[in-house]
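S.K.: Structure: input.cif, mmCIF, C-alpha atoms.
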data_entry
loop_
_atom_site.group_PDB
_atom_site.id
_atom_site.type_symbol
_atom_site.label_atom_id
_atom_site.label_comp_id
_atom_site.auth_asym_id
_atom_site.auth_seq_id
_atom_site.Cartn_x
_atom_site.Cartn_y
_atom_site.Cartn_z
ATOM 1 C CA MET U 22 5.647 -3.549 -25.683
ATOM 2 C CA LYS U 23 3.552 -1.214 -23.576
ATOM 3 C CA ILE U 24 3.071 -1.659 -19.819
ATOM 4 C CA ILE U 25 0.672 0.274 -17.599
ATOM 5 C CA THR U 26 1.005 -0.064 -13.839
ATOM 6 C CA ILE U 27 -1.810 0.914 -11.486
ATOM 7 C CA SER U 28 -0.874 1.794 -7.917
ATOM 8 C CA ARG U 29 -3.836 2.671 -5.735
ATOM 9 C CA GLU U 30 -5.198 3.479 -2.332
ATOM 10 C CA PHE U 31 -7.431 0.699 -1.049
ATOM 11 C CA GLY U 32 -11.057 1.325 -1.969
ATOM 12 C CA SER U 33 -10.302 3.998 -4.569
ATOM 13 C CA GLY U 34 -11.352 1.903 -7.556
ATOM 14 C CA GLY U 35 -7.895 1.395 -9.016
ATOM 15 C CA ARG U 36 -8.510 -2.260 -9.790
ATOM 16 C CA GLU U 37 -11.680 -1.465 -11.723
ATOM 17 C CA LEU U 38 -9.953 1.360 -13.576
ATOM 18 C CA GLY U 39 -7.126 -0.942 -14.617
ATOM 19 C CA LYS U 40 -9.514 -3.640 -15.846
ATOM 20 C CA ARG U 41 -11.570 -1.173 -17.856
ATOM 21 C CA MET U 42 -8.420 0.323 -19.366
ATOM 22 C CA SER U 43 -7.151 -3.114 -20.376
ATOM 23 C CA ASP U 44 -10.487 -3.849 -22.069
ATOM 24 C CA ILE U 45 -10.440 -0.527 -23.936
ATOM 25 C CA LEU U 46 -6.825 -0.892 -25.083
ATOM 26 C CA GLY U 47 -6.916 -4.634 -25.697
ATOM 27 C CA TYR U 48 -4.064 -5.245 -23.243
ATOM 28 C CA ASP U 49 -3.509 -8.281 -21.041
ATOM 29 C CA TYR U 50 -4.626 -7.733 -17.446
ATOM 30 C CA TYR U 51 -2.809 -8.991 -14.346
ATOM 31 C CA ASP U 52 -4.069 -8.780 -10.803
ATOM 32 C CA ARG U 53 -5.126 -11.850 -8.840
ATOM 33 C CA GLU U 54 -3.386 -13.984 -11.453
ATOM 34 C CA ILE U 55 -0.146 -12.810 -9.866
ATOM 35 C CA ILE U 56 -1.217 -14.284 -6.524
ATOM 36 C CA SER U 57 -1.760 -17.655 -8.206
ATOM 37 C CA ALA U 58 1.692 -17.514 -9.799
ATOM 38 C CA ILE U 59 3.294 -16.568 -6.478
ATOM 39 C CA ALA U 60 1.540 -19.506 -4.816
ATOM 40 C CA GLU U 61 2.955 -21.862 -7.422
ATOM 41 C CA LYS U 62 6.485 -20.474 -7.020
ATOM 42 C CA SER U 63 6.528 -20.250 -3.229
ATOM 43 C CA GLY U 64 4.370 -23.241 -2.325
ATOM 44 C CA PHE U 65 2.104 -21.170 -0.075
ATOM 45 C CA ASP U 66 -1.687 -21.094 -0.135
ATOM 46 C CA GLU U 67 -3.207 -18.203 -2.131
ATOM 47 C CA ASN U 68 -5.251 -16.976 0.830
ATOM 48 C CA TYR U 69 -2.119 -16.974 2.992
ATOM 49 C CA ILE U 70 -0.250 -14.947 0.384
ATOM 50 C CA LYS U 71 -3.090 -12.457 0.103
ATOM 51 C CA ASP U 72 -3.161 -12.091 3.875
ATOM 52 C CA MET U 73 0.591 -11.636 4.058
ATOM 53 C CA THR U 74 0.698 -9.000 1.342
ATOM 54 C CA GLU U 75 -1.981 -6.972 3.117
ATOM 55 C CA LYS U 76 0.261 -6.629 6.177
ATOM 56 C CA LYS U 77 3.568 -4.866 6.731
ATOM 57 C CA LEU U 78 6.035 -7.324 5.305
ATOM 58 C CA ARG U 79 9.529 -6.853 6.673
ATOM 59 C CA VAL U 80 12.657 -8.714 5.701
ATOM 60 C CA SER U 81 15.822 -9.200 7.710
ATOM 61 C CA ILE U 82 18.357 -10.039 5.019
ATOM 62 C CA PRO U 83 19.656 -7.553 2.445
ATOM 63 C CA ILE U 84 17.422 -7.607 -0.624
ATOM 64 C CA SER U 85 18.094 -5.520 -3.694
ATOM 65 C CA TYR U 86 15.100 -4.570 -5.824
ATOM 66 C CA GLY U 87 16.831 -2.008 -7.965
ATOM 67 C CA ARG U 88 18.029 0.110 -5.049
ATOM 68 C CA THR U 89 20.787 0.124 -2.454
ATOM 69 C CA MET U 90 20.836 -2.915 -0.171
ATOM 70 C CA TYR U 91 18.168 -2.426 2.449
ATOM 71 C CA TYR U 92 18.161 -3.936 5.940
ATOM 72 C CA GLU U 93 15.302 -4.491 8.383
ATOM 73 C CA PRO U 94 15.670 -6.079 11.816
ATOM 74 C CA TYR U 95 12.341 -7.894 11.705
ATOM 75 C CA ILE U 96 12.409 -11.244 9.961
ATOM 76 C CA ASN U 97 9.745 -13.363 8.371
ATOM 77 C CA THR U 98 11.250 -16.005 6.101
ATOM 78 C CA ASN U 99 7.869 -16.696 4.495
ATOM 79 C CA ALA U 100 7.612 -13.002 3.644
ATOM 80 C CA GLU U 101 11.025 -13.155 1.974
ATOM 81 C CA LYS U 102 9.923 -16.038 -0.232
ATOM 82 C CA ILE U 103 6.683 -14.279 -1.146
ATOM 83 C CA LEU U 104 8.437 -11.009 -2.000
ATOM 84 C CA ALA U 105 11.018 -12.786 -4.134
ATOM 85 C CA ALA U 106 8.340 -14.807 -5.954
ATOM 86 C CA GLN U 107 6.289 -11.663 -6.528
ATOM 87 C CA SER U 108 9.199 -9.770 -8.063
ATOM 88 C CA SER U 109 10.124 -12.751 -10.241
ATOM 89 C CA THR U 110 6.538 -13.210 -11.418
ATOM 90 C CA ILE U 111 6.150 -9.567 -12.422
ATOM 91 C CA ARG U 112 9.411 -9.619 -14.372
ATOM 92 C CA GLU U 113 8.319 -12.800 -16.159
ATOM 93 C CA ILE U 114 5.078 -11.095 -17.195
ATOM 94 C CA ALA U 115 7.058 -8.237 -18.726
ATOM 95 C CA ASP U 116 9.481 -10.622 -20.412
ATOM 96 C CA GLN U 117 6.588 -12.100 -22.386
ATOM 97 C CA GLY U 118 6.670 -8.903 -24.426
ATOM 98 C CA ARG U 119 2.910 -8.361 -24.487
ATOM 99 C CA ASP U 120 1.094 -5.088 -23.842
ATOM 100 C CA CYS U 121 -0.416 -5.299 -20.369
ATOM 101 C CA VAL U 122 -1.921 -3.596 -17.331
ATOM 102 C CA ILE U 123 -0.537 -4.700 -13.967
ATOM 103 C CA ILE U 124 -2.309 -3.879 -10.716
ATOM 104 C CA GLY U 125 -0.162 -2.887 -7.742
ATOM 105 C CA ARG U 126 2.530 -5.093 -6.178
ATOM 106 C CA GLY U 127 5.335 -2.625 -6.830
ATOM 107 C CA ALA U 128 5.256 -3.204 -10.591
ATOM 108 C CA ASP U 129 5.964 0.483 -11.234
ATOM 109 C CA VAL U 130 9.370 0.112 -9.547
ATOM 110 C CA ILE U 131 10.168 -3.497 -10.444
ATOM 111 C CA LEU U 132 9.581 -2.799 -14.140
ATOM 112 C CA SER U 133 11.097 0.689 -14.290
ATOM 113 C CA GLN U 134 13.582 -0.471 -16.956
ATOM 114 C CA TYR U 135 10.627 -1.157 -19.268
ATOM 115 C CA ASN U 136 9.597 2.508 -19.091
ATOM 116 C CA PRO U 137 5.940 1.844 -18.145
ATOM 117 C CA VAL U 138 3.157 4.384 -17.813
ATOM 118 C CA ASN U 139 2.606 4.581 -14.050
ATOM 119 C CA ILE U 140 -0.770 5.629 -12.679
ATOM 120 C CA PHE U 141 -1.738 6.303 -9.071
ATOM 121 C CA VAL U 142 -5.403 6.199 -8.050
ATOM 122 C CA TYR U 143 -6.651 7.826 -4.855
ATOM 123 C CA ALA U 144 -9.852 9.124 -3.262
ATOM 124 C CA ASP U 145 -11.290 10.726 -0.150
ATOM 125 C CA MET U 146 -11.873 8.381 2.789
ATOM 126 C CA ASP U 147 -15.674 8.742 2.753
ATOM 127 C CA TYR U 148 -15.812 7.686 -0.880
ATOM 128 C CA ARG U 149 -13.536 4.737 -0.247
ATOM 129 C CA VAL U 150 -15.660 3.529 2.677
ATOM 130 C CA LYS U 151 -18.826 3.760 0.559
ATOM 131 C CA ARG U 152 -17.151 1.883 -2.254
ATOM 132 C CA CYS U 153 -16.043 -0.893 0.102
ATOM 133 C CA LEU U 154 -19.585 -1.221 1.409
ATOM 134 C CA LYS U 155 -20.995 -1.323 -2.112
ATOM 135 C CA TYR U 156 -18.613 -3.711 -3.805
ATOM 136 C CA SER U 157 -17.024 -5.928 -1.163
ATOM 137 C CA GLU U 158 -18.981 -8.723 0.492
ATOM 138 C CA ASN U 159 -16.325 -8.943 3.208
ATOM 139 C CA GLU U 160 -16.906 -5.370 4.327
ATOM 140 C CA LYS U 161 -20.711 -5.279 4.251
ATOM 141 C CA GLU U 162 -20.977 -6.689 7.775
ATOM 142 C CA MET U 163 -18.262 -4.408 9.166
ATOM 143 C CA SER U 164 -18.725 -1.094 10.924
ATOM 144 C CA GLU U 165 -17.459 2.074 9.263
ATOM 145 C CA LYS U 166 -14.774 2.320 11.946
ATOM 146 C CA LYS U 167 -13.476 -1.167 11.144
ATOM 147 C CA ILE U 168 -13.498 -0.472 7.411
ATOM 148 C CA ILE U 169 -11.441 2.690 7.911
ATOM 149 C CA LYS U 170 -9.003 0.714 10.051
ATOM 150 C CA LYS U 171 -8.650 -1.921 7.322
ATOM 151 C CA ILE U 172 -8.151 0.746 4.648
ATOM 152 C CA LYS U 173 -5.367 2.368 6.660
ATOM 153 C CA GLU U 174 -3.691 -0.972 7.386
ATOM 154 C CA ILE U 175 -3.646 -2.005 3.727
ATOM 155 C CA ASP U 176 -2.442 1.401 2.553
ATOM 156 C CA SER U 177 0.311 1.258 5.159
ATOM 157 C CA ALA U 178 1.321 -2.199 3.934
ATOM 158 C CA ARG U 179 1.500 -0.981 0.344
ATOM 159 C CA ALA U 180 3.615 1.990 1.338
ATOM 160 C CA SER U 181 5.885 -0.261 3.406
ATOM 161 C CA PHE U 182 6.405 -2.714 0.543
ATOM 162 C CA HIS U 183 7.139 0.167 -1.828
ATOM 163 C CA SER U 184 9.860 1.331 0.580
ATOM 164 C CA PHE U 185 11.649 -2.004 0.059
ATOM 165 C CA LEU U 186 11.711 -1.415 -3.674
ATOM 166 C CA SER U 187 12.571 2.243 -3.889
ATOM 167 C CA GLU U 188 13.634 5.269 -1.920
ATOM 168 C CA SER U 189 10.817 7.193 -3.596
ATOM 169 C CA LYS U 190 7.649 7.531 -1.528
ATOM 170 C CA TRP U 191 4.509 5.594 -2.417
ATOM 171 C CA GLY U 192 1.728 7.924 -3.559
ATOM 172 C CA ARG U 193 3.899 10.986 -4.252
ATOM 173 C CA LYS U 194 2.807 12.598 -7.499
ATOM 174 C CA GLU U 195 6.387 12.931 -8.743
ATOM 175 C CA ASN U 196 6.647 9.142 -9.056
ATOM 176 C CA TYR U 197 3.762 8.689 -11.494
ATOM 177 C CA ASN U 198 2.812 9.808 -14.976
ATOM 178 C CA LEU U 199 -0.802 10.328 -13.936
ATOM 179 C CA CYS U 200 -2.608 10.662 -10.586
ATOM 180 C CA ILE U 201 -6.389 10.235 -10.618
ATOM 181 C CA ASN U 202 -8.770 11.325 -7.868
ATOM 182 C CA THR U 203 -11.847 9.095 -8.202
ATOM 183 C CA THR U 204 -13.859 10.797 -5.448
ATOM 184 C CA GLY U 205 -17.470 11.124 -6.576
ATOM 185 C CA MET U 206 -16.613 9.876 -10.056
ATOM 186 C CA GLN U 207 -17.721 6.863 -12.079
ATOM 187 C CA ILE U 208 -14.774 4.701 -13.018
ATOM 188 C CA LYS U 209 -16.333 3.777 -16.364
ATOM 189 C CA GLN U 210 -16.241 7.455 -17.329
ATOM 190 C CA LEU U 211 -12.633 7.914 -16.220
ATOM 191 C CA ALA U 212 -11.252 4.790 -17.909
ATOM 192 C CA PRO U 213 -11.464 6.017 -21.546
ATOM 193 C CA ILE U 214 -9.754 9.287 -20.568
ATOM 194 C CA ALA U 215 -6.978 7.448 -18.725
ATOM 195 C CA ALA U 216 -6.566 5.064 -21.688
ATOM 196 C CA GLU U 217 -6.176 7.979 -24.104
ATOM 197 C CA TYR U 218 -3.648 9.588 -21.783
ATOM 198 C CA ALA U 219 -1.655 6.355 -21.671
ATOM 199 C CA LYS U 220 -1.573 6.173 -25.471
ATOM 200 C CA ILE U 221 -0.260 9.727 -25.642
ATOM 201 C CA MET U 222 2.392 8.950 -23.020
ATOM 202 C CA PHE U 223 3.573 5.859 -24.908
ATOM 203 C CA THR U 224 3.892 7.928 -28.076
ATOM 204 C CA LYS U 225 5.933 10.485 -26.176
ATOM 205 C CA LYS U 226 8.139 7.833 -24.564
ATOM 206 C CA ASN U 227 8.774 6.062 -27.867
ATOM 207 C CA SER U 228 9.703 9.295 -29.617
ATOM 208 C CA LYS U 229 12.665 9.901 -27.296
#
Kindly return the structure encoded in the file as C-alpha cells.

M.R.:
Amino acid sequence: MKIITISREFGSGGRELGKRMSDILGYDYYDREIISAIAEKSGFDENYIKDMTEKKLRVSIPISYGRTMYYEPYINTNAEKILAAQSSTIREIADQGRDCVIIGRGADVILSQYNPVNIFVYADMDYRVKRCLKYSENEKEMSEKKIIKKIKEIDSARASFHSFLSESKWGRKENYNLCINTTGMQIKQLAPIAAEYAKIMFTKKNSK
C-alpha cells in the first residue's frame, strides 16, 4: 500500500496537485469525502464541520494523537468530537489497504506508521490571492485585504491543528519528503514530476 499526503498553504494549489497526482498514479483520492465521513460519525452538518476545521480548534481534555498528552485550557466539545472523528476516518482509509492520496487534515502525522510520502505545497501570497480570485466563487466578491485575512486564518488553523498531532512544526521542510513552491507555475506541469518523485520515494522506502 502506498499513501501520499498533501499538506498545503491555503490557495497554493495543493488540492489540485493531489487530484492530478492521483489521476496520474491511479490512486484513490480523499479530500471532501473525509468531511462527509466525519459528518456521519459525529452527527454534525458538513458545512459546520468545514467551518470548524477552518478555525483554531482547541481541546481541553488530554488527547493523544501519537504524541505526549497535550492540554489546552480552551474547550469546545464539538471540536473534540470532530477531531476524533477525523482521526478515526483517516485511519480507516489507510486500513483499507489501497493506494491513495489524502489532502490535509493531519494525515501526514496520523498515518506516520504507514510510512507515507509527505508533500508540502506553498506559494507566495500574491500568487495565492490571484488563485483564490480565479478559482473560488466565494472569494470573487471579496477585497484583496479580506482574502489575505482569510488565507492567514486558515493557515493558522492548519498549523494549530498540526500542533495537536505532533511537536514538529507545520510547514517545516524537515517534516516532508518534498516541498513544492507553486508560485507562477502551472499545477498540471508540476503533477507528473511530483508523481515520479513519489514513485521513486516509495521504491526507496520499500527497499529498506

S.K.: I need the residue set behind the PyMOL selection byres ((chain U and resi 207) around 12) for this file; please write it as a PyMOL selection string.

M.R.: chain U and resi 33-35+37-38+41+148+152+201-206+208-214

S.K.: Spell out the residues picked by the PyMOL selection byres ((chain U and resi 133) around 12) here, as a ChimeraX atom specification.

M.R.: /U:24-26,86-88,111-112,115,127-132,134-139,186-187,196-197

S.K.: Between atom CA of U:Lys173 and atom CA of U:Asn99, what distance in Å does the model show, to one decimal?

M.R.: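 So the two atoms, atom CA of U:Lys173 and atom CA of U:Asn99, lie 23.3 Å apart.
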
S.K.: Run the PyMOL selection byres ((chain U and resi 58) around 10) against the file shown and list the residues it catches, as a list of chain:residue names.

M.R.: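 Selected by the PyMOL selection byres ((chain U and resi 58) around 10) in this file: U:Arg53, U:Glu54, U:Ile55, U:Ile56, U:Ser57, U:Ile59, U:Ala60, U:Glu61, U:Lys62, U:Ser63, U:Gly64, U:Glu67, U:Ala106, U:Gln107, U:Ser109, U:Thr110, U:Ile111.
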
S.K.: Store the residues of this selection in a file with C-alpha atoms, as a PDB file, in the coordinates of the input.

M.R.:
ATOM      1  CA  ARG U  53      -5.126 -11.850  -8.840  1.00  0.00           C
ATOM      2  CA  GLU U  54      -3.386 -13.984 -11.453  1.00  0.00           C
ATOM      3  CA  ILE U  55      -0.146 -12.810  -9.866  1.00  0.00           C
ATOM      4  CA  ILE U  56      -1.217 -14.284  -6.524  1.00  0.00           C
ATOM      5  CA  SER U  57      -1.760 -17.655  -8.206  1.00  0.00           C
ATOM      6  CA  ILE U  59       3.294 -16.568  -6.478  1.00  0.00           C
ATOM      7  CA  ALA U  60       1.540 -19.506  -4.816  1.00  0.00           C
ATOM      8  CA  GLU U  61       2.955 -21.862  -7.422  1.00  0.00           C
ATOM      9  CA  LYS U  62       6.485 -20.474  -7.020  1.00  0.00           C
ATOM     10  CA  SER U  63       6.528 -20.250  -3.229  1.00  0.00           C
ATOM     11  CA  GLY U  64       4.370 -23.241  -2.325  1.00  0.00           C
ATOM     12  CA  GLU U  67      -3.207 -18.203  -2.131  1.00  0.00           C
ATOM     13  CA  ALA U 106       8.340 -14.807  -5.954  1.00  0.00           C
ATOM     14  CA  GLN U 107       6.289 -11.663  -6.528  1.00  0.00           C
ATOM     15  CA  SER U 109      10.124 -12.751 -10.241  1.00  0.00           C
ATOM     16  CA  THR U 110       6.538 -13.210 -11.418  1.00  0.00           C
ATOM     17  CA  ILE U 111       6.150  -9.567 -12.422  1.00  0.00           C
TER      18      ILE U 111
END

S.K.: As a JSON list (two decimals) with C-alpha atoms, in the coordinates of the input, please: the residues near U:His183 (cut-off 9 Å, only C-alpha atoms, same-chain neighbours under 5 positions excluded).

M.R.:
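Once written, out-v6.json looks like this:
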[["chain", "number", "residue", "atom", "x", "y", "z"],
["U", 126, "ARG", "CA", 2.53, -5.09, -6.18],
["U", 127, "GLY", "CA", 5.34, -2.62, -6.83],
["U", 130, "VAL", "CA", 9.37, 0.11, -9.55],
["U", 178, "ALA", "CA", 1.32, -2.20, 3.93],
["U", 188, "GLU", "CA", 13.63, 5.27, -1.92],
["U", 189, "SER", "CA", 10.82, 7.19, -3.60],
["U", 190, "LYS", "CA", 7.65, 7.53, -1.53],
["U", 191, "TRP", "CA", 4.51, 5.59, -2.42]]

S.K.: I need every residue sitting at most 10 Å from the point (-4.2, 6.7, -22.2) (coordinates as in the file, all atoms listed in the file considered), written as a ChimeraX atom specification.

M.R.: /U:25,42,45-46,138,199,212-223

S.K.: Calculate how many Å separate atom CA of U:Asp49 from atom CA of U:Val122, rounding to one decimal.

M.R.: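 Separation between atom CA of U:Asp49 and atom CA of U:Val122: 6.2 Å.
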
S.K.: Provide an axis-aligned box for all listed atoms of stretch 122-125 of chain U, padding each side by 5 Å; report its centre and its edge lengths in Å to one decimal, as JSON.

M.R.:
{"center_x": -1.2, "center_y": -3.8, "center_z": -12.5, "size_x": 12.1, "size_y": 11.8, "size_z": 19.6}

S.K.: What gap, in Å, lies between atom CA of U:Ser164 and atom CA of U:Asp145?

M.R.: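 Value for the atom CA of U:Ser164-atom CA of U:Asp145 distance: 17.8 Å.
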
S.K.: Which residues are near U:Met73? Cut-off 10 Å, all atoms listed in the file, ignore same chain within fewer than 4 positions. Put them as a list in words.

M.R.: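 That gives Glu67, Asn68, Tyr69, Lys77, Leu78, Asn99, Ala100, Ile103, Leu104 and Ala178 of chain U.
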
S.K.: Write the residues you've just listed into a file as a JSON list (two decimals), keeping the file's coordinate frame, and include C-alpha atoms for each of them.

M.R.:
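Output contents, as saved in part05.json:
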[["chain", "number", "residue", "atom", "x", "y", "z"],
["U", 67, "GLU", "CA", -3.21, -18.20, -2.13],
["U", 68, "ASN", "CA", -5.25, -16.98, 0.83],
["U", 69, "TYR", "CA", -2.12, -16.97, 2.99],
["U", 77, "LYS", "CA", 3.57, -4.87, 6.73],
["U", 78, "LEU", "CA", 6.04, -7.32, 5.30],
["U", 99, "ASN", "CA", 7.87, -16.70, 4.50],
["U", 100, "ALA", "CA", 7.61, -13.00, 3.64],
["U", 103, "ILE", "CA", 6.68, -14.28, -1.15],
["U", 104, "LEU", "CA", 8.44, -11.01, -2.00],
["U", 178, "ALA", "CA", 1.32, -2.20, 3.93]]

S.K.: I need every residue sitting at most 10 Å from the point (4.6, -8.8, -24.3) (coordinates as in the file, all atoms listed in the file considered), written as a list in words.

M.R.: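 Checked against the point, the hits come out as Met22, Lys23, Ile24, Tyr48, Asp49, Glu113, Ile114, Ala115, Asp116, Gln117, Gly118, Arg119, Asp120 and Cys121 of chain U.
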
S.K.: Can you pull out every residue within 7 Å of U:Ser28, counting all atoms listed in the file, but drop anything in the same chain fewer than 5 positions away, and send it as an MDAnalysis selection string?

M.R.: chainID U and resid 124:125 140:142

S.K.: When you count all atoms listed in the file, which of these residues is closest to U:Asp176: U:Tyr156, U:Phe65, U:Glu195, U:Met146?

M.R.: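 Nearest candidate to U:Asp176 out of U:Tyr156, U:Phe65, U:Glu195, U:Met146: U:Met146.
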